[in-house]
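First up is the structure itself, then whatever we jot down about it.
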Protein chains: 2
Amino acid sequence: MLGRLNHVGVATPSIEKSIALYRDMLGATKIHEPFDLPPQGVRVCFVDTPNSQIELIEPLGENSPLHGFLARNPAGGQHHVCFEVPDIHAAKAEMEAKGAKVLGEPRIGAHGTPVIFVHPKDMGGVLVELMETPKEAH
Amino acid sequence: MLGRLNHVGVATPSIEKSIALYRDMLGATKIHEPFDLPPQGVRVCFVDTPNSQIELIEPLGENSPLHGFLARNPAGGQHHVCFEVPDIHAAKAEMEAKGAKVLGEPRIGAHGTPVIFVHPKDMGGVLVELMETPKEAH
């Protein structure tokens with residue numbers, strides 16, 4: 001079944017400015033420490049809501065996949081949605097069996113568990129991340 | 001504080017096709033009946049995740065605000081995020097006091113409680129809906 005909406009990925013040219021926005025304008029009280037995720041070419045900061053998270057992502061390095069997105073959306077914007085799955089390899093096989101294009105092999109995501117991304121062309125224009133549920137979570 | 005992530009609004013040219021996608025491809029098991037929301041110019045269908053919802057929205061009528069979005073994103077895509085607030089009028093006043101542009105007056109949203117939309121230019125490029133928490137919910 002469709003798993004938890006783990007987070008909404010929001011691209012930003014500046015995590016620091018976005019932190020100020022979510023804290024001062026929207027009243028977020030639990031904002032985690034930003035950290036680099038070099039394999040994905042992003043710097044990441046999670047902002048908690050009571051039931052889910054916003055994942056702020058900023059380009060990291062020249063080859064970051066976010067540069068293209070921010071060229072089209074200079075102020076930032078919604079970049080992807082992430083649903084949890086129990087097993088990433090099973091999820092990848094199932095997506096591919098159903099004809100969806102999975103972008104690359106599973107790799108470790110921002111929550112430390114393996115993730116895959118499914119191409120927006122097969123997901124109604126939405127870049128969908130599938131993330132293996134952390135064992136200790138929820 | 002930042003309230004629950006009530007839903008992610010996903011624009012689609014066809015709710016029926018998107019229902020098939022979320023059901024058959026992503027395994028959604030709780031998909032609500034679609035309904036028209038004429039004041040907002042959209043047809044709506046909620047898809048449940050264990051902790052939140054995807055709100056599928058399709059243009060309703062010639063003046064639907066979604067026509068422009070779908071002209072730029074023909075396949076559909078992430079349209080807005082909706083956070084809950086305890087009091088919509090207090091939220092509107094607070095947003096405006098902090099300098100954010102609120103789009104119009106509160107009106108009844110898809111969950112039957114009043115909502116406002118805050119302009120993406122003040123929200124890091126994200127169209128943000130604020131929705132008064134239903135009294136019986138959660």
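Chain labels run A, B, ... following the order of the structure tokens; each chain numbers its residues from 1, and ligands are numbered from 1 in the order shown.
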
Report chain A as a tab-separated table (two decimals) with N, CA and C atoms, in the first residue's frame in the frame of chain B, after least-squares superposition over all C-alpha atoms paired in order.
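The result, written out as out.tsv:
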chain	number	residue	atom	x	y	z
A	1	MET	N	2.88	27.29	16.12
A	1	MET	CA	3.89	26.42	15.49
A	1	MET	C	3.39	25.89	14.15
A	2	LEU	N	4.31	25.42	13.35
A	2	LEU	CA	3.96	24.86	12.05
A	2	LEU	C	3.04	23.66	12.25
A	3	GLY	N	1.86	23.72	11.66
A	3	GLY	CA	0.87	22.67	11.87
A	3	GLY	C	1.09	21.44	11.01
A	4	ARG	N	0.16	20.50	11.13
A	4	ARG	CA	0.24	19.28	10.33
A	4	ARG	C	0.34	19.60	8.84
A	5	LEU	N	1.09	18.77	8.15
A	5	LEU	CA	1.07	18.80	6.70
A	5	LEU	C	-0.20	18.08	6.28
A	6	ASN	N	-1.27	18.84	6.09
A	6	ASN	CA	-2.56	18.21	5.81
A	6	ASN	C	-2.54	17.46	4.48
A	7	HIS	N	-2.00	18.11	3.45
A	7	HIS	CA	-1.92	17.44	2.15
A	7	HIS	C	-0.94	18.15	1.22
A	8	VAL	N	-0.57	17.43	0.18
A	8	VAL	CA	0.16	18.00	-0.94
A	8	VAL	C	-0.81	18.07	-2.11
A	9	GLY	N	-0.98	19.25	-2.66
A	9	GLY	CA	-1.87	19.42	-3.80
A	9	GLY	C	-1.14	19.09	-5.09
A	10	VAL	N	-1.69	18.16	-5.85
A	10	VAL	CA	-1.08	17.72	-7.10
A	10	VAL	C	-2.06	17.99	-8.24
A	11	ALA	N	-1.69	18.87	-9.14
A	11	ALA	CA	-2.54	19.19	-10.29
A	11	ALA	C	-2.43	18.07	-11.32
A	12	THR	N	-3.57	17.80	-11.95
A	12	THR	CA	-3.59	16.75	-12.97
A	12	THR	C	-4.59	17.12	-14.06
A	13	PRO	N	-4.27	16.77	-15.30
A	13	PRO	CA	-5.27	16.99	-16.35
A	13	PRO	C	-6.42	16.00	-16.26
A	14	SER	N	-6.24	14.92	-15.49
A	14	SER	CA	-7.29	13.90	-15.40
A	14	SER	C	-7.24	13.21	-14.04
A	15	ILE	N	-8.21	13.51	-13.20
A	15	ILE	CA	-8.27	12.83	-11.91
A	15	ILE	C	-8.41	11.32	-12.10
A	16	GLU	N	-9.19	10.92	-13.09
A	16	GLU	CA	-9.39	9.48	-13.28
A	16	GLU	C	-8.07	8.77	-13.57
A	17	LYS	N	-7.26	9.38	-14.44
A	17	LYS	CA	-5.96	8.75	-14.75
A	17	LYS	C	-5.04	8.79	-13.54
A	18	SER	N	-5.12	9.88	-12.77
A	18	SER	CA	-4.26	9.96	-11.58
A	18	SER	C	-4.69	8.96	-10.51
A	19	ILE	N	-5.99	8.74	-10.40
A	19	ILE	CA	-6.47	7.71	-9.45
A	19	ILE	C	-5.88	6.35	-9.84
A	20	ALA	N	-5.92	6.06	-11.12
A	20	ALA	CA	-5.36	4.78	-11.58
A	20	ALA	C	-3.88	4.69	-11.25
A	21	LEU	N	-3.17	5.81	-11.41
A	21	LEU	CA	-1.73	5.84	-11.10
A	21	LEU	C	-1.49	5.57	-9.61
A	22	TYR	N	-2.19	6.29	-8.75
A	22	TYR	CA	-1.93	6.13	-7.31
A	22	TYR	C	-2.41	4.76	-6.82
A	23	ARG	N	-3.47	4.24	-7.42
A	23	ARG	CA	-4.00	2.93	-7.00
A	23	ARG	C	-3.13	1.80	-7.55
A	24	ASP	N	-2.91	1.80	-8.86
A	24	ASP	CA	-2.29	0.64	-9.49
A	24	ASP	C	-0.77	0.69	-9.43
A	25	MET	N	-0.21	1.88	-9.52
A	25	MET	CA	1.26	1.98	-9.55
A	25	MET	C	1.83	2.14	-8.14
A	26	LEU	N	1.18	2.96	-7.32
A	26	LEU	CA	1.75	3.27	-6.00
A	26	LEU	C	1.03	2.54	-4.86
A	27	GLY	N	-0.04	1.86	-5.18
A	27	GLY	CA	-0.65	0.99	-4.17
A	27	GLY	C	-1.54	1.68	-3.16
A	28	ALA	N	-2.08	2.84	-3.52
A	28	ALA	CA	-3.02	3.50	-2.59
A	28	ALA	C	-4.26	2.64	-2.43
A	29	THR	N	-4.70	2.51	-1.19
A	29	THR	CA	-5.88	1.68	-0.92
A	29	THR	C	-7.07	2.51	-0.46
A	30	LYS	N	-6.83	3.73	0.00
A	30	LYS	CA	-7.95	4.57	0.42
A	30	LYS	C	-7.99	5.82	-0.45
A	31	ILE	N	-8.86	5.78	-1.43
A	31	ILE	CA	-9.04	6.89	-2.36
A	31	ILE	C	-10.48	7.36	-2.23
A	32	HIS	N	-10.65	8.61	-1.87
A	32	HIS	CA	-12.00	9.13	-1.62
A	32	HIS	C	-12.71	9.45	-2.95
A	33	GLU	N	-14.02	9.65	-2.85
A	33	GLU	CA	-14.81	10.00	-4.03
A	33	GLU	C	-14.43	11.41	-4.51
A	34	PRO	N	-14.17	11.58	-5.78
A	34	PRO	CA	-13.93	12.94	-6.30
A	34	PRO	C	-15.18	13.80	-6.16
A	35	PHE	N	-14.95	15.09	-6.01
A	35	PHE	CA	-16.08	16.02	-5.93
A	35	PHE	C	-15.66	17.39	-6.48
A	36	ASP	N	-16.68	18.15	-6.90
A	36	ASP	CA	-16.42	19.48	-7.44
A	36	ASP	C	-16.35	20.51	-6.32
A	37	LEU	N	-15.44	21.46	-6.48
A	37	LEU	CA	-15.32	22.58	-5.54
A	37	LEU	C	-15.38	23.87	-6.37
A	38	PRO	N	-16.61	24.21	-6.78
A	38	PRO	CA	-16.75	25.33	-7.74
A	38	PRO	C	-16.13	26.64	-7.30
A	39	PRO	N	-16.20	27.03	-6.00
A	39	PRO	CA	-15.62	28.33	-5.64
A	39	PRO	C	-14.12	28.41	-5.95
A	40	GLN	N	-13.45	27.27	-5.96
A	40	GLN	CA	-12.02	27.29	-6.24
A	40	GLN	C	-11.71	26.84	-7.67
A	41	GLY	N	-12.74	26.50	-8.43
A	41	GLY	CA	-12.52	26.13	-9.82
A	41	GLY	C	-11.74	24.84	-9.99
A	42	VAL	N	-11.97	23.90	-9.07
A	42	VAL	CA	-11.26	22.62	-9.17
A	42	VAL	C	-12.19	21.44	-8.85
A	43	ARG	N	-11.87	20.32	-9.45
A	43	ARG	CA	-12.44	19.05	-9.03
A	43	ARG	C	-11.37	18.39	-8.18
A	44	VAL	N	-11.78	17.75	-7.09
A	44	VAL	CA	-10.85	17.31	-6.04
A	44	VAL	C	-11.01	15.82	-5.75
A	45	CYS	N	-9.89	15.18	-5.49
A	45	CYS	CA	-9.93	13.79	-5.01
A	45	CYS	C	-8.80	13.57	-4.02
A	46	PHE	N	-9.14	13.17	-2.80
A	46	PHE	CA	-8.12	12.91	-1.79
A	46	PHE	C	-7.67	11.45	-1.82
A	47	VAL	N	-6.37	11.27	-1.76
A	47	VAL	CA	-5.75	9.95	-1.68
A	47	VAL	C	-5.03	9.89	-0.34
A	48	ASP	N	-5.39	8.94	0.50
A	48	ASP	CA	-4.79	8.88	1.83
A	48	ASP	C	-3.44	8.18	1.83
A	49	THR	N	-2.51	8.74	2.60
A	49	THR	CA	-1.35	7.99	3.04
A	49	THR	C	-1.59	7.75	4.54
A	50	PRO	N	-0.80	6.91	5.19
A	50	PRO	CA	-1.07	6.66	6.61
A	50	PRO	C	-1.03	7.91	7.48
A	51	ASN	N	-0.32	8.93	7.06
A	51	ASN	CA	-0.14	10.12	7.92
A	51	ASN	C	-0.61	11.42	7.30
A	52	SER	N	-0.99	11.41	6.02
A	52	SER	CA	-1.31	12.66	5.33
A	52	SER	C	-2.16	12.32	4.11
A	53	GLN	N	-2.23	13.25	3.19
A	53	GLN	CA	-3.02	13.02	1.98
A	53	GLN	C	-2.37	13.68	0.77
A	54	ILE	N	-2.63	13.09	-0.38
A	54	ILE	CA	-2.40	13.75	-1.65
A	54	ILE	C	-3.76	14.27	-2.12
A	55	GLU	N	-3.80	15.54	-2.49
A	55	GLU	CA	-5.04	16.12	-3.02
A	55	GLU	C	-4.89	16.26	-4.53
A	56	LEU	N	-5.53	15.39	-5.27
A	56	LEU	CA	-5.53	15.51	-6.73
A	56	LEU	C	-6.51	16.61	-7.11
A	57	ILE	N	-6.07	17.54	-7.94
A	57	ILE	CA	-6.95	18.62	-8.38
A	57	ILE	C	-6.90	18.75	-9.90
A	58	GLU	N	-8.08	18.85	-10.47
A	58	GLU	CA	-8.28	18.92	-11.91
A	58	GLU	C	-9.05	20.21	-12.19
A	59	PRO	N	-8.80	20.88	-13.31
A	59	PRO	CA	-9.53	22.12	-13.59
A	59	PRO	C	-11.03	21.89	-13.65
A	60	LEU	N	-11.77	22.84	-13.10
A	60	LEU	CA	-13.23	22.82	-13.17
A	60	LEU	C	-13.67	24.17	-13.73
A	61	GLY	N	-14.18	24.16	-14.94
A	61	GLY	CA	-14.66	25.40	-15.54
A	61	GLY	C	-13.57	26.17	-16.27
A	62	GLU	N	-14.04	27.10	-17.09
A	62	GLU	CA	-13.11	27.84	-17.95
A	62	GLU	C	-12.16	28.74	-17.18
A	63	ASN	N	-12.60	29.19	-16.01
A	63	ASN	CA	-11.80	30.15	-15.26
A	63	ASN	C	-10.94	29.50	-14.18
A	64	SER	N	-10.85	28.18	-14.23
A	64	SER	CA	-10.05	27.49	-13.21
A	64	SER	C	-8.62	28.03	-13.18
A	65	PRO	N	-8.11	28.29	-11.97
A	65	PRO	CA	-6.71	28.73	-11.87
A	65	PRO	C	-5.71	27.66	-12.29
A	66	LEU	N	-6.20	26.44	-12.48
A	66	LEU	CA	-5.28	25.36	-12.86
A	66	LEU	C	-4.92	25.37	-14.35
A	67	HIS	N	-5.70	26.07	-15.17
A	67	HIS	CA	-5.40	26.03	-16.60
A	67	HIS	C	-3.99	26.57	-16.88
A	68	GLY	N	-3.63	27.65	-16.20
A	68	GLY	CA	-2.30	28.21	-16.40
A	68	GLY	C	-1.20	27.25	-15.96
A	69	PHE	N	-1.43	26.64	-14.80
A	69	PHE	CA	-0.45	25.68	-14.29
A	69	PHE	C	-0.26	24.52	-15.26
A	70	LEU	N	-1.38	23.99	-15.77
A	70	LEU	CA	-1.29	22.84	-16.67
A	70	LEU	C	-0.75	23.23	-18.05
A	71	ALA	N	-0.91	24.49	-18.42
A	71	ALA	CA	-0.29	24.94	-19.68
A	71	ALA	C	1.23	24.88	-19.54
A	72	ARG	N	1.72	25.21	-18.35
A	72	ARG	CA	3.18	25.15	-18.11
A	72	ARG	C	3.64	23.72	-17.79
A	73	ASN	N	2.72	22.91	-17.23
A	73	ASN	CA	3.06	21.55	-16.82
A	73	ASN	C	1.98	20.59	-17.33
A	74	PRO	N	2.02	20.26	-18.60
A	74	PRO	CA	0.90	19.52	-19.20
A	74	PRO	C	0.63	18.16	-18.55
A	75	ALA	N	1.66	17.54	-18.00
A	75	ALA	CA	1.47	16.23	-17.38
A	75	ALA	C	0.95	16.35	-15.95
A	76	GLY	N	0.86	17.58	-15.44
A	76	GLY	CA	0.53	17.79	-14.04
A	76	GLY	C	1.78	17.98	-13.22
A	77	GLY	N	1.60	18.07	-11.89
A	77	GLY	CA	2.75	18.25	-11.01
A	77	GLY	C	2.34	18.81	-9.67
A	78	GLN	N	3.34	18.98	-8.81
A	78	GLN	CA	3.06	19.49	-7.47
A	78	GLN	C	2.61	20.94	-7.56
A	79	HIS	N	1.47	21.23	-6.95
A	79	HIS	CA	0.85	22.54	-7.08
A	79	HIS	C	0.93	23.37	-5.81
A	80	HIS	N	0.70	22.75	-4.65
A	80	HIS	CA	0.79	23.48	-3.37
A	80	HIS	C	0.99	22.51	-2.22
A	81	VAL	N	1.35	23.05	-1.07
A	81	VAL	CA	1.36	22.26	0.17
A	81	VAL	C	0.40	22.94	1.14
A	82	CYS	N	-0.26	22.14	1.96
A	82	CYS	CA	-1.26	22.67	2.88
A	82	CYS	C	-0.91	22.30	4.32
A	83	PHE	N	-0.73	23.34	5.13
A	83	PHE	CA	-0.47	23.15	6.55
A	83	PHE	C	-1.71	23.55	7.34
A	84	GLU	N	-1.95	22.86	8.44
A	84	GLU	CA	-3.09	23.21	9.28
A	84	GLU	C	-2.73	24.34	10.25
A	85	VAL	N	-3.74	25.17	10.53
A	85	VAL	CA	-3.62	26.22	11.54
A	85	VAL	C	-4.84	26.15	12.43
A	86	PRO	N	-4.73	26.61	13.69
A	86	PRO	CA	-5.88	26.53	14.59
A	86	PRO	C	-6.98	27.54	14.25
A	87	ASP	N	-6.60	28.70	13.70
A	87	ASP	CA	-7.58	29.76	13.45
A	87	ASP	C	-7.18	30.50	12.17
A	88	ILE	N	-8.05	30.45	11.17
A	88	ILE	CA	-7.65	30.99	9.87
A	88	ILE	C	-7.53	32.51	9.88
A	89	HIS	N	-8.38	33.17	10.66
A	89	HIS	CA	-8.31	34.64	10.67
A	89	HIS	C	-7.05	35.11	11.39
A	90	ALA	N	-6.70	34.43	12.46
A	90	ALA	CA	-5.45	34.75	13.14
A	90	ALA	C	-4.26	34.48	12.23
A	91	ALA	N	-4.33	33.39	11.49
A	91	ALA	CA	-3.22	33.04	10.60
A	91	ALA	C	-3.07	34.09	9.50
A	92	LYS	N	-4.20	34.53	8.95
A	92	LYS	CA	-4.15	35.54	7.89
A	92	LYS	C	-3.54	36.85	8.42
A	93	ALA	N	-4.01	37.25	9.60
A	93	ALA	CA	-3.49	38.49	10.18
A	93	ALA	C	-1.99	38.37	10.46
A	94	GLU	N	-1.57	37.21	10.93
A	94	GLU	CA	-0.16	37.02	11.25
A	94	GLU	C	0.70	37.03	9.99
A	95	MET	N	0.23	36.34	8.95
A	95	MET	CA	0.98	36.33	7.69
A	95	MET	C	1.13	37.74	7.14
A	96	GLU	N	0.04	38.49	7.16
A	96	GLU	CA	0.08	39.83	6.60
A	96	GLU	C	0.94	40.76	7.46
A	97	ALA	N	0.87	40.57	8.77
A	97	ALA	CA	1.70	41.40	9.65
A	97	ALA	C	3.18	41.15	9.39
A	98	LYS	N	3.49	39.93	8.97
A	98	LYS	CA	4.89	39.58	8.70
A	98	LYS	C	5.29	39.89	7.26
A	99	GLY	N	4.34	40.47	6.51
A	99	GLY	CA	4.70	40.92	5.17
A	99	GLY	C	4.42	39.97	4.04
A	100	ALA	N	3.73	38.86	4.32
A	100	ALA	CA	3.42	37.92	3.24
A	100	ALA	C	2.12	38.31	2.55
A	101	LYS	N	2.05	38.02	1.27
A	101	LYS	CA	0.85	38.35	0.48
A	101	LYS	C	-0.14	37.20	0.53
A	102	VAL	N	-1.29	37.47	1.17
A	102	VAL	CA	-2.35	36.47	1.23
A	102	VAL	C	-3.30	36.70	0.06
A	103	LEU	N	-3.63	35.62	-0.65
A	103	LEU	CA	-4.43	35.74	-1.86
A	103	LEU	C	-5.91	35.69	-1.52
A	104	GLY	N	-6.51	36.85	-1.34
A	104	GLY	CA	-7.95	36.91	-1.09
A	104	GLY	C	-8.33	36.62	0.34
A	105	GLU	N	-9.63	36.52	0.54
A	105	GLU	CA	-10.18	36.28	1.87
A	105	GLU	C	-10.30	34.78	2.14
A	106	PRO	N	-10.41	34.40	3.42
A	106	PRO	CA	-10.64	32.98	3.72
A	106	PRO	C	-11.90	32.47	3.03
A	107	ARG	N	-11.82	31.26	2.51
A	107	ARG	CA	-13.01	30.64	1.90
A	107	ARG	C	-13.00	29.17	2.26
A	108	ILE	N	-14.14	28.53	2.07
A	108	ILE	CA	-14.25	27.14	2.48
A	108	ILE	C	-13.45	26.26	1.51
A	109	GLY	N	-12.57	25.44	2.08
A	109	GLY	CA	-11.72	24.57	1.28
A	109	GLY	C	-12.28	23.17	1.14
A	110	ALA	N	-11.45	22.30	0.61
A	110	ALA	CA	-11.90	20.95	0.25
A	110	ALA	C	-12.26	20.10	1.46
A	111	HIS	N	-11.78	20.47	2.63
A	111	HIS	CA	-12.12	19.71	3.83
A	111	HIS	C	-13.25	20.37	4.62
A	112	GLY	N	-13.85	21.42	4.03
A	112	GLY	CA	-15.01	22.04	4.66
A	112	GLY	C	-14.69	23.06	5.72
A	113	THR	N	-13.43	23.39	5.88
A	113	THR	CA	-13.03	24.44	6.82
A	113	THR	C	-12.38	25.57	6.02
A	114	PRO	N	-12.31	26.78	6.59
A	114	PRO	CA	-11.76	27.90	5.82
A	114	PRO	C	-10.26	27.77	5.57
A	115	VAL	N	-9.88	28.25	4.40
A	115	VAL	CA	-8.48	28.19	3.98
A	115	VAL	C	-8.07	29.54	3.41
A	116	ILE	N	-6.77	29.79	3.40
A	116	ILE	CA	-6.20	30.89	2.63
A	116	ILE	C	-5.00	30.34	1.86
A	117	PHE	N	-4.61	31.07	0.83
A	117	PHE	CA	-3.39	30.74	0.11
A	117	PHE	C	-2.41	31.90	0.25
A	118	VAL	N	-1.15	31.57	0.43
A	118	VAL	CA	-0.11	32.59	0.57
A	118	VAL	C	0.76	32.54	-0.68
A	119	HIS	N	1.05	33.72	-1.21
A	119	HIS	CA	1.75	33.83	-2.49
A	119	HIS	C	3.13	33.16	-2.45
A	120	PRO	N	3.45	32.40	-3.48
A	120	PRO	CA	4.76	31.72	-3.53
A	120	PRO	C	5.95	32.67	-3.40
A	121	LYS	N	5.78	33.92	-3.82
A	121	LYS	CA	6.93	34.83	-3.78
A	121	LYS	C	7.42	35.06	-2.35
A	122	ASP	N	6.51	34.87	-1.39
A	122	ASP	CA	6.90	35.05	0.01
A	122	ASP	C	7.15	33.72	0.72
A	123	MET	N	7.02	32.62	-0.01
A	123	MET	CA	7.11	31.28	0.59
A	123	MET	C	8.17	30.41	-0.11
A	124	GLY	N	9.25	31.04	-0.54
A	124	GLY	CA	10.32	30.27	-1.18
A	124	GLY	C	9.89	29.57	-2.45
A	125	GLY	N	8.98	30.20	-3.18
A	125	GLY	CA	8.55	29.61	-4.45
A	125	GLY	C	7.47	28.56	-4.32
A	126	VAL	N	6.99	28.34	-3.10
A	126	VAL	CA	5.98	27.31	-2.85
A	126	VAL	C	4.63	27.98	-2.58
A	127	LEU	N	3.61	27.57	-3.32
A	127	LEU	CA	2.26	28.03	-3.02
A	127	LEU	C	1.80	27.32	-1.75
A	128	VAL	N	1.57	28.09	-0.69
A	128	VAL	CA	1.24	27.51	0.62
A	128	VAL	C	-0.23	27.77	0.93
A	129	GLU	N	-0.95	26.70	1.20
A	129	GLU	CA	-2.32	26.79	1.68
A	129	GLU	C	-2.30	26.61	3.19
A	130	LEU	N	-3.02	27.48	3.89
A	130	LEU	CA	-3.21	27.30	5.32
A	130	LEU	C	-4.68	26.97	5.53
A	131	MET	N	-4.93	25.95	6.30
A	131	MET	CA	-6.29	25.39	6.44
A	131	MET	C	-6.62	25.25	7.91
A	132	GLU	N	-7.78	25.76	8.30
A	132	GLU	CA	-8.18	25.62	9.70
A	132	GLU	C	-8.44	24.14	9.98
A	133	THR	N	-7.85	23.65	11.06
A	133	THR	CA	-8.00	22.24	11.40
A	133	THR	C	-9.47	21.90	11.66
A	134	PRO	N	-9.97	20.86	11.01
A	134	PRO	CA	-11.36	20.46	11.29
A	134	PRO	C	-11.52	20.14	12.77
A	135	LYS	N	-12.64	20.54	13.33
A	135	LYS	CA	-12.84	20.40	14.78
A	135	LYS	C	-12.81	18.94	15.25
A	136	GLU	N	-13.34	18.06	14.39
A	136	GLU	CA	-13.45	16.66	14.83
A	136	GLU	C	-12.20	15.84	14.51
A	137	ALA	N	-11.24	16.46	13.82
A	137	ALA	CA	-10.15	15.66	13.24
A	137	ALA	C	-9.04	15.35	14.22
A	138	HIS	N	-8.27	14.34	13.87
A	138	HIS	CA	-6.99	14.02	14.49
A	138	HIS	C	-7.11	13.73	15.98

Residues of chain B in alpha helix (DSSP H), written as a PyMOL selection string: chain B and resi 15-20+66-72+88-97

Please produce a file of the residues just selected, as a PDB file, in the first residue's frame, where the atoms kept are C-alpha atoms.
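The new file out_2.pdb reads:
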ATOM      1  CA  ILE B  15      -8.269  12.818 -11.909  1.00  0.00           C
ATOM      2  CA  GLU B  16      -9.384   9.473 -13.273  1.00  0.00           C
ATOM      3  CA  LYS B  17      -5.973   8.753 -14.754  1.00  0.00           C
ATOM      4  CA  SER B  18      -4.253   9.957 -11.581  1.00  0.00           C
ATOM      5  CA  ILE B  19      -6.462   7.702  -9.454  1.00  0.00           C
ATOM      6  CA  ALA B  20      -5.355   4.768 -11.582  1.00  0.00           C
ATOM      7  CA  LEU B  66      -5.273  25.370 -12.858  1.00  0.00           C
ATOM      8  CA  HIS B  67      -5.393  26.039 -16.596  1.00  0.00           C
ATOM      9  CA  GLY B  68      -2.297  28.210 -16.394  1.00  0.00           C
ATOM     10  CA  PHE B  69      -0.441  25.670 -14.278  1.00  0.00           C
ATOM     11  CA  LEU B  70      -1.274  22.836 -16.660  1.00  0.00           C
ATOM     12  CA  ALA B  71      -0.277  24.944 -19.667  1.00  0.00           C
ATOM     13  CA  ARG B  72       3.188  25.138 -18.099  1.00  0.00           C
ATOM     14  CA  ILE B  88      -7.635  30.993   9.859  1.00  0.00           C
ATOM     15  CA  HIS B  89      -8.291  34.639  10.664  1.00  0.00           C
ATOM     16  CA  ALA B  90      -5.440  34.765  13.144  1.00  0.00           C
ATOM     17  CA  ALA B  91      -3.208  33.047  10.595  1.00  0.00           C
ATOM     18  CA  LYS B  92      -4.148  35.547   7.883  1.00  0.00           C
ATOM     19  CA  ALA B  93      -3.478  38.494  10.181  1.00  0.00           C
ATOM     20  CA  GLU B  94      -0.149  37.035  11.257  1.00  0.00           C
ATOM     21  CA  MET B  95       0.972  36.327   7.691  1.00  0.00           C
ATOM     22  CA  GLU B  96       0.078  39.835   6.602  1.00  0.00           C
ATOM     23  CA  ALA B  97       1.710  41.406   9.649  1.00  0.00           C
TER      24      ALA B  97
END

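These are the residues of range 18-108 of chain A assigned strand (DSSP E) by DSSP from backbone coordinates: Phe35, Asp36, Leu37, Val42, Arg43, Val44, Cys45, Phe46, Val47, Asp48, Gln53, Ile54, Glu55, Leu56, Ile57, Glu58, Pro59, Gly77, Gln78, His79, His80, Val81, Cys82, Phe83, Glu84, Val85, Arg107 and Ile108 of chain A.
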